[in-house]
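This report concerns only the one structure given below.
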Amino acid sequence: MPSLILKTAARYLLPLLLLFSVFVLLRGHNEPGGGFTGGLVAASAFALYGIAYGVDRARQVIRISNRDLIGIGLLLAAISTLLPLFFRDAFMEGEWLAYPLPAIGKVGTPFLFDLGVYLVVVGVVLTIVFTLAEEQETVEM
Amino acid sequence: MALPLIVFSGFLLALIAAVIAHVARRATGWLLALLPLGIFAYLVRLIPAIADGQTVVTEIVWVPSLKVNLTFNLDGLALLMALLVSGIGALILIYTSGYMRDDPGIGRLDAYLLFFMASMLGLVLSDNLFTLFIFWELTSISSYLLIGFKYRYQTSRDAALQALLVTAGGGLAMLAGFVLLSASADSATISTIINDNLFSSSSSMYGAVLILILLGAFAKSAQFPFHFWLPNAMEAPTPVSAYLHSATMVKAGIYLLARFTPILGGTTAWTTIVVSIGGLTMLLGAYLAWQKRDLKRILAYATISVLGTIVLLLGIGTELAVEAAMVFLLAHALYKGALFMVAGSVDKAAGTRNIDGLGGLLAKMPVTFVAALVAGLSMAGLPPLLGFIAKELEYDALLHEAGAYPVLVIVALVAANALVGVAAGLVVIKPFFGRKPMLKRDPHESPLSMWLGPLLLAALGLLFGLMPALVDDTLIVPATVAVTGATELEHLALWHGLTVPMGLSVLTIGLAVVVYLLRNRLQVMTKRTTSGRFGPAHFYEWSLDWMLRSADKLTLFLQNGNLRVYLNVIIGTAVLLVGSVFLFYTLPDMTLNTDINDVSVIAAGLSGMIIVAAISATLFRSRLAAIAVLGVIGYSIAILFLLFGAPDLAMTQFSVETLTVVVIVLVIWKLPYFENLTKRGDRIKDVVIAVAAGLLMTLFVLVITATPLTSQITPDIVADSYLIAKGRNVVNVILVDFRGVDTFGEITVLSVAGIGVFVLSRLRSEKRRRPDDDG
């Protein structure tokens, strides 16, 4: 039975860490950060929540299944590589919106790619962590 | 721009087909058929221009550095194939809506069918070797999904895997051939290679290129010894068999042969190999077809025979032979597509496809019968159908050849055509005439959606037979010209007068009637020959089995489950490999900076902490404590990164370190309590390895710091990073932009690894839940 401190901490840390992970993802283009690190941070946040409240509760909070996250991430990355073809540019060439969006900043295909990396990392890490944690729960029962 | 649109609209529609099916329900097939129908109409409008000798070319630059571009080229050959793919595709989608009525899987099936159609269109329109290969393998993948559509059945999955391994394996051989071809021709554009004569049979690469490309074509078009996958592919839903495995995909190999005839054809090697493989396949398929009892299997073996015949004609390669091949290709697509759909309708109505359990359906299914009859007559090669014209032309083409081998080939051709005729008789006569057996269902006529396709295709076979001028100058001649470059071609006609081909046709039909009437007695004689335990199918099973067992053994050897062994092997290998480099390497002048003032207090403290933690990790008797201490080391190193100006590295290290501890803690629950089981000798060995690794790393760091940094690329990348890629964080720009392909590969590997962990763990817990079940 996890401690009350862990549970309370996890509840407040989850949104903070998630926000931080998005921040890391977004600033990645100009400052240290990026999809990989951001994804790891988000995965840690959910993993912490899962340890505190059990995997089932954590899955409910995420809503999207981990394997879907992997799929969506790969699809986004793949789409970002193909989009330039529609602008008659070469495969994987960067395409950018002319003006930066508020809060998000410059948006282009590399960002989409990074978002894909972020989702894949979250999905894979959580798949591994939750699978192992569920095994452990069944052993305990 | 229209050609890429033709190809990619299919992929896009495939993505949303399931959603459309959810909304449109029974109208799905009719609705989705609008796209192939539109493509068909567009292509029909282009017929006059193509027949006039023009071509439509579109090029989209894709990966120019690798010569991979989306070059599409519509010539006579591509047009014939594209019309078949889109036209029959539309009818199949409509047919599917009746065949799969009320089945919730229809959206998935339609999506796969559209995915296949787009791939096939891309395949026949590609003018670039590598995009052709990509579309080629996409058709293999969609065929895999379609054969395995009923994925809950083991037989479906096995058949799907078999078709994929055979055809995609052949595709890999073909890719190797393409690489050699494009390297020696210095171009990857097929039309350029042909027009500029960039590759000739005198090239030293000719033999290799020929064999590799032929392997791909033969595997795809089910030629001996790869023919066995096609009958097994009949596990697919019948609309799929009608579309992929008779009318279109299996013709991809034939298309490839025709497409490469100008580059590779005309040599003795080409003629010898292609004619003998085609002839063998033709006889084999015909010999087996009439002995089967399942409607679809009869049709499948007959398809193998026809594919063999077309390959044989392309091997002969004269203008007349190629023209015969093109007519036969069209005739076969029309009648075989129709007959497969008929087989599906009969199956749906009567609940069986076994000809011994069928009969007397004529009164119940008159429209379906008409379609079956007309298509069957074309299959048997009777006048006035297109199948007859094709057969006459085949004989004519062979009679124009000089020498001894045409006689042999003609004998084989007459035999094969006669046996295919017997198969046609079985398919048309057995289900519809004779005594009505007890059936599980009360048969009734199929709905409009299910008889429209077969009837239309059969009617076209009749129409083109009566008026061959409709397809002559418009389709057949342009396709033949694209293959042979010929200028003068014989016009198609139903009646040539009392000629030798006519005599051979009569002989063929007579032979077919005799075999049909004597089939039961003949069957007894042939039974023993067809139940052999050898042959390519058994070789396939044996080699697959062998590979899996060897992989098992190898895995057990390399991964025996003992973590200690893994660590020893990994670290030991690294020490030996890297260490041996230092033996041949003159060490630079290493002067340690011993000035204590250069070291910050924080760095010194952290280093001390790392040393203490590392030593204590080896002394702790509790695993949890040891892991926590390892975490301390990781975090300390991350802080060091931060101090020395590598915030990216530090951030990643922090996250990785946290998650590693979490994962290890989760895994540790499964391990037994910590006990010292190792012998003294083992521990000494461990110490030696650990110390060696530590010394090596120390040496490594000293060498690196003593070597002056000479980086030539960094300034360019830093400048490009902001100017071209619009990012100030060079590390990230490299990851997502400059080296994006690598990153894409890495996240794919990561995903596979994640799914692998999930599957392995799930398999174990399934076993635990059902201890009496060892599977």
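Chain labels run A, B, ... following the order of the structure tokens; each chain numbers its residues from 1, and ligands are numbered from 1 in the order shown.
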
Phe464 of chain B surroundings by only C-alpha atoms, 6 Å radius, close-in-sequence under 4 positions cut, as a PyMOL selection string: chain B and resi 386+460+468

Excluding segment 126-134 of chain B and residues on its chain fewer than 4 positions from it, collect all residues at most 7 Å away from it, counting only C-alpha atoms, and give them as an MDAnalysis selection string. chainID B and resid 68:73 122 138 175 178 188:191

As a PDB file with C-alpha atoms, in the first residue's frame, please: all residues of segment 440-484 of chain B that backbone DSSP puts in helix (DSSP H, G or I).
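Writing done, so here's out14.pdb:
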```pdb
ATOM      1  CA  LEU B 448     -28.030  -6.783 -58.151  1.00  0.00           C
ATOM      2  CA  SER B 449     -24.699  -5.841 -56.593  1.00  0.00           C
ATOM      3  CA  MET B 450     -23.520  -9.430 -56.893  1.00  0.00           C
ATOM      4  CA  TRP B 451     -24.562 -10.221 -60.449  1.00  0.00           C
ATOM      5  CA  LEU B 452     -23.760  -6.856 -62.011  1.00  0.00           C
ATOM      6  CA  GLY B 453     -19.986  -7.360 -61.916  1.00  0.00           C
ATOM      7  CA  PRO B 454     -19.825 -10.893 -63.317  1.00  0.00           C
ATOM      8  CA  LEU B 455     -22.438 -10.208 -65.944  1.00  0.00           C
ATOM      9  CA  LEU B 456     -20.748  -7.020 -67.118  1.00  0.00           C
ATOM     10  CA  LEU B 457     -17.297  -8.609 -67.329  1.00  0.00           C
ATOM     11  CA  ALA B 458     -18.674 -11.660 -69.141  1.00  0.00           C
ATOM     12  CA  ALA B 459     -20.605  -9.426 -71.546  1.00  0.00           C
ATOM     13  CA  LEU B 460     -17.456  -7.445 -72.320  1.00  0.00           C
ATOM     14  CA  GLY B 461     -15.707 -10.707 -73.195  1.00  0.00           C
ATOM     15  CA  LEU B 462     -18.505 -11.391 -75.658  1.00  0.00           C
ATOM     16  CA  LEU B 463     -18.615  -7.854 -77.034  1.00  0.00           C
ATOM     17  CA  PHE B 464     -14.867  -7.689 -77.621  1.00  0.00           C
ATOM     18  CA  GLY B 465     -15.047 -11.134 -79.200  1.00  0.00           C
ATOM     19  CA  LEU B 466     -17.741 -10.059 -81.653  1.00  0.00           C
ATOM     20  CA  ALA B 469     -11.907  -3.626 -83.409  1.00  0.00           C
ATOM     21  CA  LEU B 470     -13.143  -2.050 -80.159  1.00  0.00           C
ATOM     22  CA  VAL B 471      -9.972  -3.058 -78.318  1.00  0.00           C
ATOM     23  CA  ASP B 472      -7.621  -3.627 -81.218  1.00  0.00           C
ATOM     24  CA  ASP B 473      -6.166  -0.230 -82.084  1.00  0.00           C
ATOM     25  CA  THR B 474      -7.226   1.332 -78.821  1.00  0.00           C
ATOM     26  CA  LEU B 475      -5.712  -1.015 -76.231  1.00  0.00           C
ATOM     27  CA  ILE B 476      -3.938  -4.079 -77.571  1.00  0.00           C
ATOM     28  CA  VAL B 477      -1.799  -2.421 -80.225  1.00  0.00           C
ATOM     29  CA  PRO B 478      -0.571   0.455 -77.981  1.00  0.00           C
ATOM     30  CA  ALA B 479       0.275  -2.050 -75.234  1.00  0.00           C
ATOM     31  CA  THR B 480       2.146  -4.283 -77.666  1.00  0.00           C
ATOM     32  CA  VAL B 481       3.984  -1.297 -79.136  1.00  0.00           C
ATOM     33  CA  ALA B 482       5.070  -0.263 -75.637  1.00  0.00           C
ATOM     34  CA  VAL B 483       6.638  -3.705 -75.172  1.00  0.00           C
ATOM     35  CA  THR B 484       8.117  -4.465 -78.577  1.00  0.00           C
TER      36      THR B 484
END
```

Calculate how many Å separate atom CA of Ile610 of chain B from atom CA of Phe641 of chain B, rounding to one decimal.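 Interatomic distance, atom CA of Ile610 of chain B to atom CA of Phe641 of chain B: 13.5 Å.
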
Residue contacts of Thr127 of chain A (8 Å, only C-alpha atoms) excluding same-chain residues fewer than 2 positions away, as an MDAnalysis selection string: (chainID A and resid 66:67 123:125 129:131) or (chainID B and resid 754:755 757:758)

Expected file contents, prior selection, N, CA, C and O atoms, as a PDB file, in the first residue's frame:
```pdb
ATOM      1  N   ASN A  66      -1.746   3.054 -24.461  1.00  0.00           N
ATOM      2  CA  ASN A  66      -0.340   3.312 -24.773  1.00  0.00           C
ATOM      3  C   ASN A  66       0.011   2.918 -26.193  1.00  0.00           C
ATOM      4  O   ASN A  66       0.775   3.595 -26.863  1.00  0.00           O
ATOM      5  N   ARG A  67      -0.567   1.795 -26.626  1.00  0.00           N
ATOM      6  CA  ARG A  67      -0.227   1.339 -27.973  1.00  0.00           C
ATOM      7  C   ARG A  67      -0.782   2.303 -29.019  1.00  0.00           C
ATOM      8  O   ARG A  67      -0.171   2.543 -30.038  1.00  0.00           O
ATOM      9  N   GLY A 123       4.417   6.578 -25.092  1.00  0.00           N
ATOM     10  CA  GLY A 123       3.735   5.302 -25.278  1.00  0.00           C
ATOM     11  C   GLY A 123       4.626   4.124 -24.944  1.00  0.00           C
ATOM     12  O   GLY A 123       4.220   3.208 -24.225  1.00  0.00           O
ATOM     13  N   VAL A 124       5.858   4.156 -25.450  1.00  0.00           N
ATOM     14  CA  VAL A 124       6.744   3.004 -25.245  1.00  0.00           C
ATOM     15  C   VAL A 124       7.121   2.864 -23.771  1.00  0.00           C
ATOM     16  O   VAL A 124       7.011   1.781 -23.188  1.00  0.00           O
ATOM     17  N   VAL A 125       7.529   3.978 -23.161  1.00  0.00           N
ATOM     18  CA  VAL A 125       7.964   3.892 -21.763  1.00  0.00           C
ATOM     19  C   VAL A 125       6.809   3.405 -20.890  1.00  0.00           C
ATOM     20  O   VAL A 125       6.984   2.514 -20.041  1.00  0.00           O
ATOM     21  N   VAL A 129       6.619   0.178 -18.488  1.00  0.00           N
ATOM     22  CA  VAL A 129       6.443   0.356 -17.047  1.00  0.00           C
ATOM     23  C   VAL A 129       5.137  -0.274 -16.573  1.00  0.00           C
ATOM     24  O   VAL A 129       5.112  -1.030 -15.594  1.00  0.00           O
ATOM     25  N   PHE A 130       4.055  -0.004 -17.299  1.00  0.00           N
ATOM     26  CA  PHE A 130       2.755  -0.525 -16.851  1.00  0.00           C
ATOM     27  C   PHE A 130       2.695  -2.039 -16.964  1.00  0.00           C
ATOM     28  O   PHE A 130       2.115  -2.713 -16.111  1.00  0.00           O
ATOM     29  N   THR A 131       3.276  -2.570 -18.036  1.00  0.00           N
ATOM     30  CA  THR A 131       3.261  -4.026 -18.175  1.00  0.00           C
ATOM     31  C   THR A 131       3.974  -4.673 -16.996  1.00  0.00           C
ATOM     32  O   THR A 131       3.473  -5.625 -16.390  1.00  0.00           O
TER      33      THR A 131
ATOM     34  N   GLY B 754       8.969  -1.703 -27.384  1.00  0.00           N
ATOM     35  CA  GLY B 754       7.904  -1.554 -26.392  1.00  0.00           C
ATOM     36  C   GLY B 754       6.845  -2.622 -26.563  1.00  0.00           C
ATOM     37  O   GLY B 754       6.426  -3.268 -25.593  1.00  0.00           O
ATOM     38  N   ILE B 755       6.416  -2.817 -27.818  1.00  0.00           N
ATOM     39  CA  ILE B 755       5.392  -3.827 -28.081  1.00  0.00           C
ATOM     40  C   ILE B 755       5.929  -5.209 -27.739  1.00  0.00           C
ATOM     41  O   ILE B 755       5.217  -6.063 -27.202  1.00  0.00           O
ATOM     42  N   VAL B 757       8.107  -5.995 -25.378  1.00  0.00           N
ATOM     43  CA  VAL B 757       8.038  -6.183 -23.923  1.00  0.00           C
ATOM     44  C   VAL B 757       6.617  -6.541 -23.508  1.00  0.00           C
ATOM     45  O   VAL B 757       6.383  -7.483 -22.737  1.00  0.00           O
ATOM     46  N   PHE B 758       5.669  -5.817 -24.065  1.00  0.00           N
ATOM     47  CA  PHE B 758       4.264  -6.054 -23.735  1.00  0.00           C
ATOM     48  C   PHE B 758       3.861  -7.486 -24.070  1.00  0.00           C
ATOM     49  O   PHE B 758       3.287  -8.199 -23.250  1.00  0.00           O
TER      50      PHE B 758
END
```

Dump as a list in words the residues of chain B that approach chain A to within 7 Å, counting only C-alpha atoms.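 Those within range of chain A come out as Ile60, Val61, Trp62, Val63, Pro647, Asp648, Met651, Thr652, Ser655, Leu659, Val663, Leu666, Val667, Trp669, Ala725, Gly727, Arg728, Asn729, Asn732, Val733, Val736, Asp737, Ile747, Leu750, Ser751, Gly754, Val757, Phe758 and Ser761 of chain B.
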
Find the distance between atom CA of Tyr153 of chain B and atom CA of Lys348 of chain B and write it in Å to one decimal.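 Result for atom CA of Tyr153 of chain B versus atom CA of Lys348 of chain B: 19.1 Å, one decimal.
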
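The space between atom CA of Val57 of chain B and atom CA of Leu74 of chain B spans 6.5 Å.
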
Close residues, Ala58 of chain A itself excluded, 10 Å, only C-alpha atoms, min 3 positions apart in chain, as a list in words: Phe46, Ala47, Leu48, Tyr49, Gly50, Ile51, Ala52, Tyr53, Gly54, Val55, Val61, Ile62, Arg63 and Phe130 of chain A

Keeping C-alpha atoms, export the residues of the selection given above as a tab-separated table (two decimals), in the first residue's frame.
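After the write, again-v6.tsv holds the following:
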```
chain	number	residue	atom	x	y	z
A	46	PHE	CA	2.35	9.01	-15.42
A	47	ALA	CA	4.64	6.29	-14.06
A	48	LEU	CA	4.72	8.08	-10.71
A	49	TYR	CA	0.94	8.34	-10.71
A	50	GLY	CA	0.69	4.67	-11.63
A	51	ILE	CA	2.92	3.62	-8.76
A	52	ALA	CA	0.91	5.71	-6.32
A	53	TYR	CA	-2.60	4.81	-7.44
A	54	GLY	CA	-2.21	1.59	-9.40
A	55	VAL	CA	-1.98	1.04	-13.11
A	61	VAL	CA	-6.28	9.28	-16.42
A	62	ILE	CA	-4.43	8.89	-19.72
A	63	ARG	CA	-7.57	7.70	-21.55
A	130	PHE	CA	2.75	-0.52	-16.85
```

Given only C-alpha atoms as the counted atoms, nearest of A:Leu115, A:Val122, A:Ser65, A:Leu16 to Ser80 of chain A: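 Closest to Ser80 of chain A of all the choices is A:Leu115.
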
Do a neighbour search on Tyr395 of chain B at 8 Å with only C-alpha atoms, toss out local chain neighbours closer than 3 positions, and write the hits as a ChimeraX atom specification. /B:391-392,398-399,410,501,504

Between B:Leu84, B:Ala338, B:Leu15, B:Val327, which has the minimum distance to Val44 of chain B (counting only C-alpha atoms)?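 Checking each of B:Leu84, B:Ala338, B:Leu15, B:Val327 against Val44 of chain B, counting only C-alpha atoms, the winner is B:Leu84.
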
Show me, as a PDB file with N, CA, C and O atoms, in the first residue's frame, the residues that have an atom within 12 Å of Tyr42 of chain B when counting only C-alpha atoms, minus same-chain residues fewer than 3 positions from it.
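So the final result, stored in part_29.pdb, reads:
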```pdb
ATOM      1  N   ALA B   2      -2.298  14.844 -62.753  1.00  0.00           N
ATOM      2  CA  ALA B   2      -3.432  13.926 -62.627  1.00  0.00           C
ATOM      3  C   ALA B   2      -2.991  12.517 -62.230  1.00  0.00           C
ATOM      4  O   ALA B   2      -3.679  11.844 -61.476  1.00  0.00           O
ATOM      5  N   LEU B   3      -1.828  12.096 -62.716  1.00  0.00           N
ATOM      6  CA  LEU B   3      -1.402  10.716 -62.433  1.00  0.00           C
ATOM      7  C   LEU B   3      -1.144  10.482 -60.942  1.00  0.00           C
ATOM      8  O   LEU B   3      -1.627   9.494 -60.383  1.00  0.00           O
ATOM      9  N   LEU B   5      -2.472  12.008 -58.568  1.00  0.00           N
ATOM     10  CA  LEU B   5      -3.791  12.079 -57.933  1.00  0.00           C
ATOM     11  C   LEU B   5      -4.503  10.735 -58.055  1.00  0.00           C
ATOM     12  O   LEU B   5      -5.121  10.253 -57.101  1.00  0.00           O
ATOM     13  N   ILE B   6      -4.405  10.123 -59.238  1.00  0.00           N
ATOM     14  CA  ILE B   6      -5.021   8.807 -59.451  1.00  0.00           C
ATOM     15  C   ILE B   6      -4.512   7.814 -58.417  1.00  0.00           C
ATOM     16  O   ILE B   6      -5.268   7.053 -57.828  1.00  0.00           O
ATOM     17  N   LEU B  35     -14.866   6.295 -56.872  1.00  0.00           N
ATOM     18  CA  LEU B  35     -13.472   6.702 -57.133  1.00  0.00           C
ATOM     19  C   LEU B  35     -12.845   5.892 -58.263  1.00  0.00           C
ATOM     20  O   LEU B  35     -12.391   6.479 -59.255  1.00  0.00           O
ATOM     21  N   PRO B  36     -12.812   4.532 -58.137  1.00  0.00           N
ATOM     22  CA  PRO B  36     -12.248   3.783 -59.272  1.00  0.00           C
ATOM     23  C   PRO B  36     -12.989   4.049 -60.578  1.00  0.00           C
ATOM     24  O   PRO B  36     -12.372   4.083 -61.643  1.00  0.00           O
ATOM     25  N   LEU B  37     -14.295   4.266 -60.464  1.00  0.00           N
ATOM     26  CA  LEU B  37     -15.070   4.559 -61.666  1.00  0.00           C
ATOM     27  C   LEU B  37     -14.601   5.863 -62.309  1.00  0.00           C
ATOM     28  O   LEU B  37     -14.446   5.964 -63.536  1.00  0.00           O
ATOM     29  N   GLY B  38     -14.368   6.862 -61.468  1.00  0.00           N
ATOM     30  CA  GLY B  38     -13.875   8.150 -61.970  1.00  0.00           C
ATOM     31  C   GLY B  38     -12.506   7.988 -62.613  1.00  0.00           C
ATOM     32  O   GLY B  38     -12.248   8.539 -63.700  1.00  0.00           O
ATOM     33  N   ILE B  39     -11.644   7.211 -61.970  1.00  0.00           N
ATOM     34  CA  ILE B  39     -10.314   6.966 -62.540  1.00  0.00           C
ATOM     35  C   ILE B  39     -10.447   6.263 -63.887  1.00  0.00           C
ATOM     36  O   ILE B  39      -9.791   6.624 -64.867  1.00  0.00           O
ATOM     37  N   ARG B  45     -10.832   8.415 -71.362  1.00  0.00           N
ATOM     38  CA  ARG B  45     -10.704   9.641 -72.157  1.00  0.00           C
ATOM     39  C   ARG B  45      -9.307   9.798 -72.739  1.00  0.00           C
ATOM     40  O   ARG B  45      -9.110  10.486 -73.746  1.00  0.00           O
ATOM     41  N   LEU B  46      -8.328   9.183 -72.080  1.00  0.00           N
ATOM     42  CA  LEU B  46      -6.944   9.301 -72.569  1.00  0.00           C
ATOM     43  C   LEU B  46      -6.622   8.300 -73.678  1.00  0.00           C
ATOM     44  O   LEU B  46      -5.564   8.387 -74.308  1.00  0.00           O
ATOM     45  N   ILE B  47      -7.520   7.326 -73.889  1.00  0.00           N
ATOM     46  CA  ILE B  47      -7.206   6.258 -74.853  1.00  0.00           C
ATOM     47  C   ILE B  47      -6.770   6.788 -76.222  1.00  0.00           C
ATOM     48  O   ILE B  47      -5.734   6.369 -76.741  1.00  0.00           O
ATOM     49  N   PRO B  48      -7.518   7.721 -76.836  1.00  0.00           N
ATOM     50  CA  PRO B  48      -7.115   8.178 -78.180  1.00  0.00           C
ATOM     51  C   PRO B  48      -5.698   8.746 -78.196  1.00  0.00           C
ATOM     52  O   PRO B  48      -4.926   8.442 -79.119  1.00  0.00           O
ATOM     53  N   LEU B  79      -1.596   1.765 -69.513  1.00  0.00           N
ATOM     54  CA  LEU B  79      -3.020   2.100 -69.659  1.00  0.00           C
ATOM     55  C   LEU B  79      -3.882   0.844 -69.589  1.00  0.00           C
ATOM     56  O   LEU B  79      -4.901   0.811 -68.889  1.00  0.00           O
ATOM     57  N   ALA B  82      -3.919  -0.274 -65.992  1.00  0.00           N
ATOM     58  CA  ALA B  82      -4.622   0.659 -65.113  1.00  0.00           C
ATOM     59  C   ALA B  82      -6.130   0.597 -65.349  1.00  0.00           C
ATOM     60  O   ALA B  82      -6.922   0.713 -64.405  1.00  0.00           O
ATOM     61  N   LEU B  83      -6.532   0.394 -66.604  1.00  0.00           N
ATOM     62  CA  LEU B  83      -7.970   0.259 -66.882  1.00  0.00           C
ATOM     63  C   LEU B  83      -8.530  -0.986 -66.206  1.00  0.00           C
ATOM     64  O   LEU B  83      -9.610  -0.946 -65.611  1.00  0.00           O
ATOM     65  N   SER B  86      -8.646  -0.320 -62.293  1.00  0.00           N
ATOM     66  CA  SER B  86      -9.697   0.588 -61.830  1.00  0.00           C
ATOM     67  C   SER B  86     -11.083   0.065 -62.185  1.00  0.00           C
ATOM     68  O   SER B  86     -12.005   0.109 -61.366  1.00  0.00           O
ATOM     69  N   GLY B  87     -11.242  -0.462 -63.409  1.00  0.00           N
ATOM     70  CA  GLY B  87     -12.569  -0.928 -63.833  1.00  0.00           C
ATOM     71  C   GLY B  87     -13.040  -2.102 -62.997  1.00  0.00           C
ATOM     72  O   GLY B  87     -14.139  -2.073 -62.416  1.00  0.00           O
TER      73      GLY B  87
END
```

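The neighbours of Leu329 of chain B here are the residues that come within 10 Å of it, using only C-alpha atoms and leaving out any residue fewer than 3 positions away in the same chain; they are Leu80, Met81, Leu84, Ala247, Thr248, Lys251, Ile254, Tyr255, Val306, Leu307, Thr309, Ile310, Glu323, Ala324, Ala325, Met326, His332, Ala333, Leu334, Gly387, Ala390 and Ile476 of chain B.
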